[in-house]
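Asks: Sharing model.tsv (TSV, C-alpha atoms) below.
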chain	number	residue	atom	x	y	z
A	1	MET	CA	-25.04	-15.05	2.94
A	2	GLY	CA	-24.13	-12.20	0.61
A	3	LEU	CA	-21.13	-9.94	0.67
A	4	GLU	CA	-19.80	-9.09	4.15
A	5	LEU	CA	-17.35	-6.31	4.93
A	6	TYR	CA	-15.52	-6.41	8.25
A	7	LEU	CA	-14.67	-2.79	9.03
A	8	ASP	CA	-13.85	-0.23	11.69
A	9	LEU	CA	-14.19	3.30	10.35
A	10	LEU	CA	-11.37	4.36	12.67
A	11	SER	CA	-9.16	2.65	10.09
A	12	GLN	CA	-8.22	4.51	6.92
A	13	PRO	CA	-8.35	1.55	4.54
A	14	CYS	CA	-11.77	0.63	5.95
A	15	ARG	CA	-13.09	4.11	5.14
A	16	ALA	CA	-11.95	3.80	1.54
A	17	VAL	CA	-13.70	0.43	1.17
A	18	TYR	CA	-16.85	1.69	2.93
A	19	ILE	CA	-17.16	4.81	0.80
A	20	PHE	CA	-16.51	2.87	-2.40
A	21	ALA	CA	-19.12	0.21	-1.65
A	22	LYS	CA	-21.74	2.75	-0.56
A	23	LYS	CA	-21.08	5.14	-3.42
A	24	ASN	CA	-21.48	2.33	-5.94
A	25	SER	CA	-24.54	0.89	-4.16
A	26	ILE	CA	-22.84	-2.44	-3.67
A	27	PRO	CA	-25.04	-4.41	-1.28
A	28	PHE	CA	-23.17	-5.67	1.78
A	29	GLU	CA	-23.56	-6.62	5.41
A	30	LEU	CA	-21.47	-4.36	7.60
A	31	ARG	CA	-19.63	-6.36	10.26
A	32	THR	CA	-18.13	-3.88	12.72
A	33	VAL	CA	-14.84	-4.92	14.31
A	34	ASP	CA	-14.08	-2.47	17.13
A	35	LEU	CA	-10.32	-2.06	17.10
A	36	ARG	CA	-10.18	-0.02	20.29
A	37	LYS	CA	-11.90	-2.89	22.10
A	38	GLY	CA	-9.43	-5.35	20.61
A	39	GLN	CA	-12.15	-7.21	18.71
A	40	HIS	CA	-9.75	-7.88	15.85
A	41	LEU	CA	-7.74	-10.04	18.24
A	42	SER	CA	-10.67	-12.31	19.14
A	43	ASP	CA	-10.67	-16.00	18.24
A	44	ALA	CA	-13.88	-15.45	16.31
A	45	PHE	CA	-12.26	-12.85	14.08
A	46	ALA	CA	-9.13	-14.97	13.65
A	47	GLN	CA	-11.43	-17.53	11.99
A	48	ILE	CA	-12.38	-14.85	9.48
A	49	SER	CA	-8.83	-13.59	8.99
A	50	PRO	CA	-5.67	-15.02	10.59
A	51	LEU	CA	-3.88	-11.72	9.86
A	52	GLN	CA	-6.18	-10.09	12.45
A	53	LYS	CA	-6.52	-6.84	10.55
A	54	VAL	CA	-9.30	-4.86	8.92
A	55	PRO	CA	-10.71	-4.45	6.34
A	56	VAL	CA	-11.70	-7.98	5.39
A	57	LEU	CA	-14.14	-9.00	2.66
A	58	LYS	CA	-16.07	-12.25	2.80
A	59	ASP	CA	-18.02	-13.25	-0.30
A	60	GLY	CA	-19.49	-16.68	0.35
A	61	ASP	CA	-16.46	-18.91	0.94
A	62	PHE	CA	-14.05	-16.38	-0.48
A	63	THR	CA	-12.19	-14.24	2.06
A	64	LEU	CA	-9.97	-11.35	1.03
A	65	THR	CA	-7.72	-8.97	2.97
A	66	GLU	CA	-5.84	-5.80	1.91
A	67	SER	CA	-7.94	-2.76	1.04
A	68	VAL	CA	-6.36	-2.30	-2.40
A	69	ALA	CA	-7.18	-5.90	-3.34
A	70	ILE	CA	-10.71	-5.47	-1.94
A	71	LEU	CA	-11.29	-2.24	-3.88
A	72	LEU	CA	-10.10	-3.87	-7.11
A	73	TYR	CA	-12.24	-6.98	-6.48
A	74	LEU	CA	-15.35	-4.84	-5.92
A	75	THR	CA	-14.51	-2.75	-8.99
A	76	ARG	CA	-14.42	-5.82	-11.19
A	77	LYS	CA	-17.23	-7.86	-9.69
A	78	TYR	CA	-19.75	-5.02	-9.58
A	79	LYS	CA	-18.68	-3.37	-12.83
A	80	VAL	CA	-18.51	0.14	-11.43
A	81	PRO	CA	-18.13	3.24	-13.66
A	82	ASP	CA	-14.87	3.25	-15.60
A	83	HIS	CA	-13.34	6.33	-13.96
A	84	TRP	CA	-12.75	4.50	-10.68
A	85	TYR	CA	-10.16	2.23	-12.37
A	86	PRO	CA	-9.96	3.36	-15.99
A	87	GLN	CA	-9.51	0.92	-18.84
A	88	ASP	CA	-7.10	3.34	-20.48
A	89	LEU	CA	-3.63	1.82	-20.10
A	90	GLN	CA	-1.81	4.93	-18.91
A	91	ALA	CA	-4.60	6.27	-16.70
A	92	ARG	CA	-4.86	2.88	-15.02
A	93	ALA	CA	-1.09	2.80	-14.54
A	94	ARG	CA	-1.31	6.14	-12.73
A	95	VAL	CA	-3.87	4.69	-10.33
A	96	ASP	CA	-1.71	1.59	-9.79
A	97	GLU	CA	1.32	3.79	-9.21
A	98	TYR	CA	-0.42	5.76	-6.45
A	99	LEU	CA	-1.92	2.64	-4.85
A	100	ALA	CA	1.56	1.07	-4.70
A	101	TRP	CA	3.41	4.16	-3.48
A	102	GLN	CA	1.01	5.07	-0.70
A	103	HIS	CA	1.63	1.97	1.46
A	104	THR	CA	5.06	3.09	2.65
A	105	ALA	CA	4.62	6.80	2.05
A	106	LEU	CA	1.40	8.76	2.65
A	107	ARG	CA	-0.40	5.96	4.46
A	108	ARG	CA	2.53	5.35	6.76
A	109	ASN	CA	3.08	9.01	7.60
A	110	CYS	CA	-0.62	9.70	8.17
A	111	LEU	CA	-0.84	6.68	10.47
A	112	ARG	CA	2.18	7.81	12.47
A	113	ALA	CA	0.80	11.36	12.74
A	114	LEU	CA	-2.49	10.09	14.21
A	115	TRP	CA	-0.81	7.70	16.64
A	116	HIS	CA	1.98	10.01	17.76
A	117	LYS	CA	-0.29	13.05	18.18
A	118	VAL	CA	-3.42	11.45	19.59
A	119	MET	CA	-3.80	7.71	19.89
A	120	LEU	CA	-0.64	6.81	21.83
A	121	PRO	CA	-1.07	9.55	24.47
A	122	VAL	CA	-4.88	9.64	24.69
A	123	PHE	CA	-5.94	6.06	24.01
A	124	LEU	CA	-2.93	4.11	25.21
A	125	GLY	CA	-1.67	6.56	27.83
A	126	GLU	CA	1.82	6.50	26.35
A	127	PRO	CA	3.35	9.96	26.01
A	128	VAL	CA	5.21	10.82	22.84
A	129	SER	CA	8.15	13.19	23.03
A	130	PRO	CA	7.80	16.55	21.31
A	131	GLU	CA	10.87	15.70	19.21
A	132	MET	CA	9.33	12.47	17.97
A	133	LEU	CA	6.05	14.20	17.14
A	134	ALA	CA	7.87	17.03	15.38
A	135	ALA	CA	9.87	14.54	13.31
A	136	THR	CA	6.72	12.66	12.35
A	137	LEU	CA	4.90	15.83	11.31
A	138	ALA	CA	7.93	16.96	9.31
A	139	LYS	CA	7.93	13.66	7.40
A	140	LEU	CA	4.21	14.04	6.78
A	141	ASP	CA	4.88	17.47	5.36
A	142	VAL	CA	7.48	16.11	2.95
A	143	THR	CA	5.07	13.41	1.79
A	144	LEU	CA	2.30	15.96	1.26
A	145	GLN	CA	4.66	17.89	-0.99
A	146	VAL	CA	5.33	14.74	-3.03
A	147	LEU	CA	1.58	14.13	-3.27
A	148	GLU	CA	1.13	17.62	-4.71
A	149	ASP	CA	4.20	17.79	-6.93
A	150	LYS	CA	4.47	14.29	-8.31
A	151	PHE	CA	0.96	12.85	-8.14
A	152	LEU	CA	-1.57	15.68	-8.31
A	153	GLN	CA	0.43	18.27	-10.28
A	154	ASP	CA	-2.04	20.46	-12.21
A	155	LYS	CA	-4.66	17.79	-12.68
A	156	ALA	CA	-8.14	17.79	-11.20
A	157	PHE	CA	-7.61	14.35	-9.66
A	158	LEU	CA	-4.62	12.11	-9.01
A	159	ALA	CA	-4.92	9.97	-12.14
A	160	GLY	CA	-6.39	12.58	-14.48
A	161	PRO	CA	-9.64	14.50	-14.99
A	162	HIS	CA	-11.87	12.11	-13.03
A	163	VAL	CA	-11.99	10.76	-9.49
A	164	SER	CA	-10.50	7.27	-9.12
A	165	LEU	CA	-9.56	4.72	-6.45
A	166	ALA	CA	-6.32	6.65	-5.99
A	167	ASP	CA	-8.17	9.76	-4.79
A	168	LEU	CA	-10.38	7.73	-2.46
A	169	VAL	CA	-7.40	6.05	-0.84
A	170	ALA	CA	-5.50	9.35	-0.60
A	171	ILE	CA	-8.33	11.39	0.88
A	172	THR	CA	-9.14	8.79	3.53
A	173	GLU	CA	-5.44	8.73	4.40
A	174	LEU	CA	-5.32	12.50	4.82
A	175	MET	CA	-8.33	12.47	7.12
A	176	HIS	CA	-6.21	10.54	9.62
A	177	PRO	CA	-4.02	13.52	10.55
A	178	VAL	CA	-7.07	15.80	10.18
A	179	GLY	CA	-8.75	13.67	12.83
A	180	ALA	CA	-5.65	14.18	14.96
A	181	GLY	CA	-6.02	17.94	14.66
A	182	CYS	CA	-3.31	18.49	12.03
A	183	GLN	CA	-4.21	21.18	9.55
A	184	VAL	CA	-2.89	19.43	6.48
A	185	PHE	CA	-4.84	21.57	4.04
A	186	LYS	CA	-3.91	24.93	5.53
A	187	ASP	CA	-1.31	26.66	3.35
A	188	ARG	CA	-1.86	24.02	0.69
A	189	PRO	CA	-4.51	25.55	-1.58
A	190	LYS	CA	-3.93	22.99	-4.34
A	191	LEU	CA	-4.60	20.05	-2.02
A	192	ALA	CA	-7.52	21.88	-0.40
A	193	ALA	CA	-9.13	22.41	-3.81
A	194	TRP	CA	-8.54	18.76	-4.71
A	195	ARG	CA	-10.12	17.72	-1.41
A	196	GLN	CA	-13.26	19.72	-2.24
A	197	ARG	CA	-13.48	18.03	-5.62
A	198	VAL	CA	-13.08	14.55	-4.14
A	199	GLU	CA	-15.67	15.22	-1.45
A	200	ALA	CA	-18.09	16.53	-4.07
A	201	ALA	CA	-17.47	13.46	-6.25
A	202	VAL	CA	-18.07	11.10	-3.32
A	203	GLY	CA	-21.00	13.10	-1.95
A	204	GLU	CA	-20.84	15.26	1.18
A	205	VAL	CA	-23.26	13.14	3.21
A	206	LEU	CA	-21.42	9.87	2.59
A	207	PHE	CA	-18.06	11.54	3.16
A	208	GLN	CA	-19.13	12.98	6.52
A	209	GLU	CA	-20.71	9.68	7.57
A	210	ALA	CA	-17.55	7.74	6.80
A	211	HIS	CA	-15.40	10.19	8.74
A	212	GLU	CA	-17.50	10.63	11.86
A	213	VAL	CA	-15.39	8.14	13.85
A	214	ILE	CA	-11.95	9.46	12.91
A	215	LEU	CA	-13.00	13.04	13.57
A	216	LYS	CA	-13.76	12.02	17.16
A	217	ALA	CA	-10.50	10.08	17.62
A	218	LYS	CA	-9.17	12.71	20.05
A	219	ASN	CA	-12.06	11.83	22.36
A	220	SER	CA	-11.11	8.14	22.53
A	221	GLN	CA	-11.67	6.65	25.96
A	222	PRO	CA	-8.41	5.41	27.49
A	223	ALA	CA	-7.92	1.73	26.71
A	224	ASP	CA	-8.76	-0.91	29.24
A	225	PRO	CA	-5.39	-2.04	30.70
A	226	ILE	CA	-5.87	-5.63	29.53
A	227	ILE	CA	-6.71	-4.47	26.03
A	228	LYS	CA	-3.78	-2.09	26.10
A	229	GLN	CA	-1.42	-4.93	26.89
A	230	LYS	CA	-2.75	-6.95	23.96
A	231	LEU	CA	-2.59	-4.03	21.58
A	232	MET	CA	0.77	-2.43	22.41
A	233	SER	CA	3.20	-4.61	20.49
A	234	ARG	CA	0.96	-4.70	17.43
A	235	VAL	CA	0.52	-0.93	17.48
A	236	LEU	CA	4.26	-0.36	17.77
A	237	ALA	CA	4.91	-2.76	14.87
A	238	MET	CA	2.23	-1.04	12.79
A	239	ILE	CA	3.68	2.45	13.20
A	240	GLN	CA	7.35	1.46	13.07
B	1	MET	CA	12.80	5.53	-28.69
B	2	GLY	CA	11.11	2.31	-27.50
B	3	LEU	CA	10.50	1.07	-24.00
B	4	GLU	CA	13.23	1.90	-21.50
B	5	LEU	CA	13.60	0.28	-18.09
B	6	TYR	CA	15.73	2.04	-15.50
B	7	LEU	CA	17.03	-0.67	-13.19
B	8	ASP	CA	19.69	-1.73	-10.74
B	9	LEU	CA	19.56	-5.47	-10.14
B	10	LEU	CA	20.75	-4.87	-6.58
B	11	SER	CA	17.15	-3.75	-6.02
B	12	GLN	CA	14.51	-6.40	-5.47
B	13	PRO	CA	11.69	-4.68	-7.37
B	14	CYS	CA	14.06	-4.16	-10.30
B	15	ARG	CA	14.75	-7.88	-10.44
B	16	ALA	CA	11.04	-8.66	-10.60
B	17	VAL	CA	10.56	-6.22	-13.50
B	18	TYR	CA	13.70	-7.45	-15.32
B	19	ILE	CA	12.73	-11.12	-15.08
B	20	PHE	CA	9.15	-10.38	-16.16
B	21	ALA	CA	10.20	-8.38	-19.21
B	22	LYS	CA	12.86	-10.90	-20.28
B	23	LYS	CA	10.69	-13.96	-19.68
B	24	ASN	CA	7.93	-12.49	-21.81
B	25	GLY	CA	10.22	-11.39	-24.61
B	26	ILE	CA	9.30	-7.73	-24.09
B	27	PRO	CA	11.81	-5.60	-26.03
B	28	PHE	CA	13.40	-2.86	-23.92
B	29	GLU	CA	16.51	-0.77	-23.53
B	30	LEU	CA	18.13	-1.44	-20.19
B	31	ARG	CA	19.21	1.79	-18.50
B	32	THR	CA	21.36	0.89	-15.52
B	33	VAL	CA	21.10	3.22	-12.53
B	34	ASP	CA	23.91	2.33	-10.12
B	35	LEU	CA	22.45	2.83	-6.66
B	36	LEU	CA	25.70	2.34	-4.78
B	37	LYS	CA	27.18	5.14	-6.88
B	38	GLY	CA	24.18	7.35	-6.08
B	39	GLN	CA	23.13	7.62	-9.73
B	40	HIS	CA	19.47	7.69	-8.70
B	41	HIS	CA	20.09	11.18	-7.31
B	42	SER	CA	21.15	12.66	-10.65
B	43	ASP	CA	19.15	15.44	-12.29
B	44	ASP	CA	18.79	13.34	-15.44
B	45	PHE	CA	17.21	10.51	-13.57
B	46	ALA	CA	14.88	12.89	-11.71
B	47	GLN	CA	13.38	13.65	-15.14
B	48	VAL	CA	12.45	10.01	-15.45
B	49	ASN	CA	11.35	9.52	-11.84
B	50	PRO	CA	11.07	12.51	-9.50
B	51	LEU	CA	10.76	10.01	-6.64
B	52	LYS	CA	14.42	9.12	-7.36
B	53	LYS	CA	13.88	5.42	-7.10
B	54	VAL	CA	14.23	2.37	-9.26
B	55	PRO	CA	12.64	0.69	-11.09
B	56	ALA	CA	11.28	3.31	-13.45
B	57	LEU	CA	9.76	2.85	-16.89
B	58	LYS	CA	9.82	5.24	-19.83
B	59	ASP	CA	7.61	4.46	-22.80
B	60	GLY	CA	7.87	7.37	-25.20
B	61	ASP	CA	6.67	10.35	-23.16
B	62	PHE	CA	5.06	8.19	-20.53
B	63	THR	CA	7.06	7.60	-17.34
B	64	LEU	CA	6.02	5.27	-14.55
B	65	ALA	CA	7.37	4.46	-11.09
B	66	GLU	CA	6.54	1.60	-8.67
B	67	SER	CA	7.35	-2.00	-9.64
B	68	VAL	CA	3.80	-3.26	-9.09
B	69	ALA	CA	2.41	-0.59	-11.43
B	70	ILE	CA	5.16	-1.35	-13.96
B	71	LEU	CA	4.50	-5.10	-13.88
B	72	LEU	CA	0.77	-4.58	-14.41
B	73	TYR	CA	1.39	-2.04	-17.21
B	74	LEU	CA	3.70	-4.46	-19.01
B	75	SER	CA	1.29	-7.39	-18.56
B	76	ARG	CA	-1.51	-5.37	-20.14
B	77	LYS	CA	0.39	-3.62	-22.89
B	78	TYR	CA	2.20	-6.72	-24.06
B	79	GLU	CA	-0.72	-9.08	-23.41
B	80	THR	CA	1.35	-11.58	-21.49
B	81	PRO	CA	-0.03	-15.09	-20.76
B	82	ASP	CA	-3.05	-15.04	-18.46
B	83	HIS	CA	-1.41	-16.84	-15.53
B	84	TRP	CA	0.83	-13.86	-14.74
B	85	TYR	CA	-2.22	-11.77	-13.75
B	86	PRO	CA	-5.23	-14.05	-14.20
B	87	GLN	CA	-8.56	-12.82	-15.50
B	88	ASP	CA	-10.35	-15.03	-13.00
B	89	LEU	CA	-11.79	-12.70	-10.36
B	90	GLN	CA	-10.70	-14.61	-7.28
B	91	ALA	CA	-7.27	-15.66	-8.60
B	92	ARG	CA	-6.56	-12.07	-9.55
B	93	ALA	CA	-7.68	-10.91	-6.12
B	94	ARG	CA	-5.15	-13.29	-4.53
B	95	VAL	CA	-2.38	-11.74	-6.64
B	96	ASP	CA	-3.54	-8.23	-5.69
B	97	GLU	CA	-3.69	-9.25	-2.04
B	98	TYR	CA	-0.09	-10.46	-2.04
B	99	LEU	CA	1.16	-7.46	-4.02
B	100	ALA	CA	-0.48	-5.12	-1.48
B	101	TRP	CA	0.62	-7.01	1.66
B	102	GLN	CA	4.26	-7.34	0.67
B	103	HIS	CA	5.02	-3.57	0.67
B	104	THR	CA	4.94	-3.30	4.46
B	105	ALA	CA	5.64	-6.92	5.29
B	106	LEU	CA	8.01	-9.25	3.45
B	107	ARG	CA	9.59	-6.49	1.35
B	108	THR	CA	10.33	-4.35	4.39
B	109	SER	CA	11.71	-7.31	6.36
B	110	CYS	CA	13.92	-8.53	3.52
B	111	THR	CA	15.32	-5.06	2.83
B	112	ARG	CA	16.07	-4.44	6.51
B	113	THR	CA	17.72	-7.86	6.78
B	114	LEU	CA	20.02	-7.21	3.82
B	115	TRP	CA	20.99	-3.77	5.06
B	116	GLN	CA	21.47	-4.61	8.72
B	117	LYS	CA	23.20	-7.92	8.18
B	118	MET	CA	25.40	-6.92	5.30
B	119	MET	CA	25.13	-3.53	3.68
B	120	PHE	CA	25.68	-1.37	6.77
B	121	PRO	CA	28.62	-3.34	8.20
B	122	VAL	CA	30.31	-4.32	4.93
B	123	PHE	CA	29.50	-1.47	2.56
B	124	LEU	CA	29.12	1.46	4.92
B	125	GLY	CA	31.42	0.18	7.66
B	126	GLN	CA	28.74	0.78	10.30
B	127	GLN	CA	28.08	-1.85	12.92
B	128	VAL	CA	24.45	-2.61	13.70
B	129	PRO	CA	23.60	-3.37	17.34
B	130	PRO	CA	22.97	-7.11	17.85
B	131	GLU	CA	19.55	-6.41	19.40
B	132	THR	CA	18.46	-4.50	16.30
B	133	LEU	CA	19.57	-7.29	13.99
B	134	ALA	CA	17.94	-9.90	16.22
B	135	SER	CA	14.66	-8.00	16.17
B	136	THR	CA	14.81	-7.67	12.37
B	137	LEU	CA	15.48	-11.38	11.93
B	138	ALA	CA	12.63	-12.23	14.28
B	139	GLU	CA	10.28	-10.07	12.24
B	140	LEU	CA	11.55	-11.69	9.03
B	141	ASP	CA	10.80	-15.08	10.55
B	142	ARG	CA	7.30	-13.99	11.45
B	143	CYS	CA	6.69	-12.72	7.89
B	144	LEU	CA	8.00	-15.94	6.40
B	145	GLN	CA	5.62	-17.93	8.59
B	146	LEU	CA	2.69	-15.75	7.48
B	147	PHE	CA	3.84	-16.13	3.91
B	148	GLU	CA	3.69	-19.92	4.23
B	149	ASP	CA	0.54	-20.17	6.33
B	150	LYS	CA	-1.63	-17.46	4.86
B	151	PHE	CA	-0.43	-16.95	1.29
B	152	LEU	CA	1.21	-20.10	-0.01
B	153	LYS	CA	-0.63	-22.68	2.10
B	154	ASP	CA	-0.81	-26.00	0.21
B	155	GLN	CA	-0.86	-24.43	-3.23
B	156	ASP	CA	1.87	-24.73	-5.83
B	157	PHE	CA	2.02	-20.97	-6.28
B	158	LEU	CA	0.73	-17.95	-4.39
B	159	ALA	CA	-2.42	-17.47	-6.49
B	160	GLY	CA	-3.13	-21.15	-7.15
B	161	SER	CA	-1.82	-23.66	-9.60
B	162	HIS	CA	0.16	-21.34	-11.87
B	163	ILE	CA	2.94	-18.84	-11.42
B	164	SER	CA	1.91	-15.18	-11.31
B	165	VAL	CA	3.52	-11.78	-10.73
B	166	ALA	CA	2.94	-12.38	-7.01
B	167	ASP	CA	5.44	-15.26	-7.04
B	168	LEU	CA	7.92	-13.18	-9.00
B	169	VAL	CA	7.75	-10.33	-6.51
B	170	ALA	CA	7.99	-12.75	-3.58
B	171	ILE	CA	10.94	-14.75	-4.88
B	172	THR	CA	12.97	-11.65	-5.70
B	173	GLU	CA	12.23	-10.39	-2.19
B	174	LEU	CA	13.44	-13.61	-0.60
B	175	MET	CA	16.61	-13.57	-2.68
B	176	HIS	CA	17.48	-10.34	-0.88
B	177	THR	CA	18.10	-12.27	2.31
B	178	LEU	CA	20.41	-14.89	0.85
B	179	PRO	CA	23.80	-13.10	0.97
Would you encode the structure as C-alpha cells?
Replies:
Amino acid sequence: MGLELYLDLLSQPCRAVYIFAKKNSIPFELRTVDLRKGQHLSDAFAQISPLQKVPVLKDGDFTLTESVAILLYLTRKYKVPDHWYPQDLQARARVDEYLAWQHTALRRNCLRALWHKVMLPVFLGEPVSPEMLAATLAKLDVTLQVLEDKFLQDKAFLAGPHVSLADLVAITELMHPVGAGCQVFKDRPKLAAWRQRVEAAVGEVLFQEAHEVILKAKNSQPADPIIKQKLMSRVLAMIQ
Amino acid sequence: MGLELYLDLLSQPCRAVYIFAKKNGIPFELRTVDLLKGQHHSDDFAQVNPLKKVPALKDGDFTLAESVAILLYLSRKYETPDHWYPQDLQARARVDEYLAWQHTALRTSCTRTLWQKMMFPVFLGQQVPPETLASTLAELDRCLQLFEDKFLKDQDFLAGSHISVADLVAITELMHTLP
C-alpha cells in the first residue's frame, strides 16, 4: 500500500495538503473522511488516528497528523521544487514564522467566521447572535490586516518572490470565510492581487477543484440529529 | 551587533528559546521585555516585532517572531546536534507534528490554566468563576492524556530515543502550570 491521505476538502488544512500533493504529482490514494457525516468519529478511523481529525497521512506503517507536519514530510520525501520550502535560511524562517503564527491567528479566525456565519446555523441548526458574528468578523478583519502589513508587505508572496507552503496554507484558510460568503478580498486590493498570483502558481483548475466543497458549504444539509449530538462538543471546542 | 533575543522568561515560548540557545552555546545578547510592565507595547519593540509578542529574534537586519520559527532558525544557523531536529524523515516529522499540535492544544491549556488559576486573581485582582476554571482544568487534563497516549507513548522522548525541540517546547509549557 502506497501513500494514503485521509481528507475532507471541507477542511482547510486538508485543502492545503491536497493541492500540494496534486501540484507536485505526488502519487497517493485519497481516503475521504466525511466530516459532516461524522466519519472521523468512527471506530475505523480511530484506528488510523486516535486524535480523530483530518488530515492524516499514512505511509506504510507510518501515520502522521497535523497538516504542517504532513506538508513538510511530503516536501522532504518527494524532493519538491525549492521554492515551496526554500533552503535559504531567512526565506525558510519566514515560511516557518507564518506556519507557526497561523494556527492561533488566521486559521482560527477563518474557522470561526465559517462556523458562526454558516455551519452552526445551517448545518447544526444552532443560531448565532448578530453580536457574536459581528465580533468574529471584526477579529477576522484585524487578522487580515496583520496578514497584509506584517507578512505580505510589498512582496509578491508571503515568504518572498516565490510561492511557498505559507501561501498555500494562507490561501486555503481565506477560502473558508469566502465559502461562508464573506468578501475578504473586497477593499483589499493587495490581498486580492496576491490571491491571483497564488491561484496562478497553483493552477486554476486544481484550485477550483480543491475548493468546490467549501464553496458549497452554505448548502450543507442539516445534520442528522444523532450526528449533531456527537459533533456539538467537538465543534464548540474547535472554535473556542 | 550580533544575535539578539528579546525575551521574558515569564513566557513559555521564551523559556524554550532561552534554554535552547544557552544549552547549545549560541552567543546572544539578552534583551529583556518585561511583559507585566507592558514593555512589549513600546514603539521600540514594535520595530523588532510588529506583532508585539515575545520571543523575537534580531540577527543584524533580520527579525523573526514565533518561537518555533526561532528554534528552527537557530538549529540550522548554528548547526546544533542532530537530535534537536533530526535529519531522519520520520523522526523529524514527529517533532513537526508535536510543534504544530501544541499551538492550539497543550500551549493554550497551560496558558489558560496559569492565567485563570493565578494571574487573574493574584496579579489583576479579578476572580475567575469556578466553572470556568474547572472547565479549563478539565481541558488541561484531556490534553495531558493525549500528550501521554498519542505523543509520548512508551518512548523516552517525544520523537524517539533522544531529546528534541519538541520536548523543550513541551516541558516549558508544562512548567507554566506548576505555580
Asks: Please check the contacts: residues of chain A at most 9 Å away from chain B, using all atoms listed in the file, listed as a PyMOL selection string.
Replies: chain A and resi 50-51+62+64-70+72-73+76-77+89-90+92-101+103-104+146+150
Asks: Kindly extract all protein, DNA and RNA residues lying within 12 Å of the coordinates (10.0, -12.2, -21.4) given in the file, considering only C-alpha atoms, and supply them as a ChimeraX atom specification.
Replies: /B:16-28,71,74-75,78-81,84
Asks: Which is closer to Leu147 (chain A) than all the others in A:Leu5, A:Ala193, A:Leu106, A:Ile227, using only C-alpha atoms?
Replies: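 Distance minimum relative to Leu147 (chain A) lands on A:Leu106.
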Asks: The residues within 12 Å of (4.7, -19.9, -2.2), using only C-alpha atoms and the coordinates of the file, should be reported as a ChimeraX atom specification; which are they?
Replies: /B:95,98,144-171,174
Asks: Residues at most 10 Å from region 31-48 of chain B, counting all atoms listed in the file, excluding those fewer than 5 positions away in the same chain, as a PyMOL selection string?
Replies: chain B and resi 4-11+53-58+61-65+123
Asks: Give me, as a list in words, all polymer residues having an atom no more than 8 Å from region 40-43 of chain A, counting all atoms listed in the file and skipping those fewer than 3 positions away in the same chain.
Replies: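 The filter keeps Val33, Asp34, Leu35, Ala46, Gln47, Gln52, Lys53 and Val54 of chain A.
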Asks: Give me a file of those residues, with C-alpha atoms, as a PDB file, keeping the file's coordinate frame.
Replies:
ATOM      1  CA  VAL A  33     -14.840  -4.920  14.310  1.00  0.00           C
ATOM      2  CA  ASP A  34     -14.080  -2.470  17.130  1.00  0.00           C
ATOM      3  CA  LEU A  35     -10.320  -2.060  17.100  1.00  0.00           C
ATOM      4  CA  ALA A  46      -9.130 -14.970  13.650  1.00  0.00           C
ATOM      5  CA  GLN A  47     -11.430 -17.530  11.990  1.00  0.00           C
ATOM      6  CA  GLN A  52      -6.180 -10.090  12.450  1.00  0.00           C
ATOM      7  CA  LYS A  53      -6.520  -6.840  10.550  1.00  0.00           C
ATOM      8  CA  VAL A  54      -9.300  -4.860   8.920  1.00  0.00           C
TER       9      VAL A  54
END
Asks: Leaving out region 6-9 of chain A and any residue of its chain fewer than 5 positions from it, which residues lie within 10 Å of it when counting all atoms listed in the file, given as a PyMOL selection string?
Replies: chain A and resi 14-18+29-36+40+45+48-49+53-58+65+209-214
Asks: Quick one: residues within 9 Å of Leu158 (chain A), all atoms listed in the file counted, chain neighbours fewer than 4 positions away excluded, as a list in words?
Replies: Arg94, Val95, Tyr98, Leu147, Phe151, Leu152, Gln153, His162, Val163, Ser164, Ala166, Asp167, Ala170 and Trp194 of chain A
Asks: Could you please determine the separation between CA of Leu165 (chain A) and CA of Arg188 (chain A) in Å, to one decimal place?
Replies: 22.0 Å
Asks: Any idea what the distance is between CA of Ala201 (chain A) and CA of Thr75 (chain A)?
Replies: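 Pair CA of Ala201 (chain A) / CA of Thr75 (chain A) returns 16.7 Å.
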Asks: What does the distance from CA of Ser233 (chain A) to CA of Gln102 (chain A) come to in Å, to one decimal?
Replies: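 Here the two named atoms are 23.4 Å from each other.
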Asks: Have a look at A:Glu126, A:Gly38, A:Leu174, A:Glu131 and name the one nearest to Ala105 (chain A); count only C-alpha atoms.
Replies: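 Ranked by minimum distance to Ala105 (chain A), first place goes to A:Leu174.
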Asks: Out of A:Met132, A:Arg107, A:Pro127, A:Gln221, which residue has the shortest atom-to-atom distance to Ile171 (chain A) when counting all atoms listed in the file?
Replies: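 Closest to Ile171 (chain A), using all atoms listed in the file: A:Arg107.
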Asks: Which residues come within 6 Å of Pro177 (chain A), counting only C-alpha atoms, excluding same-chain residues fewer than 6 positions away, as a count of residues only?
Replies: 3
Asks: Counting only C-alpha atoms, which residue out of A:Glu199, A:Asp61, A:Asp82, A:Glu148 sits closest to Leu168 (chain A)?
Replies: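 Nearest to Leu168 (chain A): A:Glu199.
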Asks: Select, from B:Leu3, B:Leu30, B:Met175, B:Cys143, the residue with the minimum atom-to-atom distance to Leu106 (chain B), counting all atoms listed in the file.
Replies: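 Of the candidates, the smallest distance to Leu106 (chain B) is held by B:Cys143.
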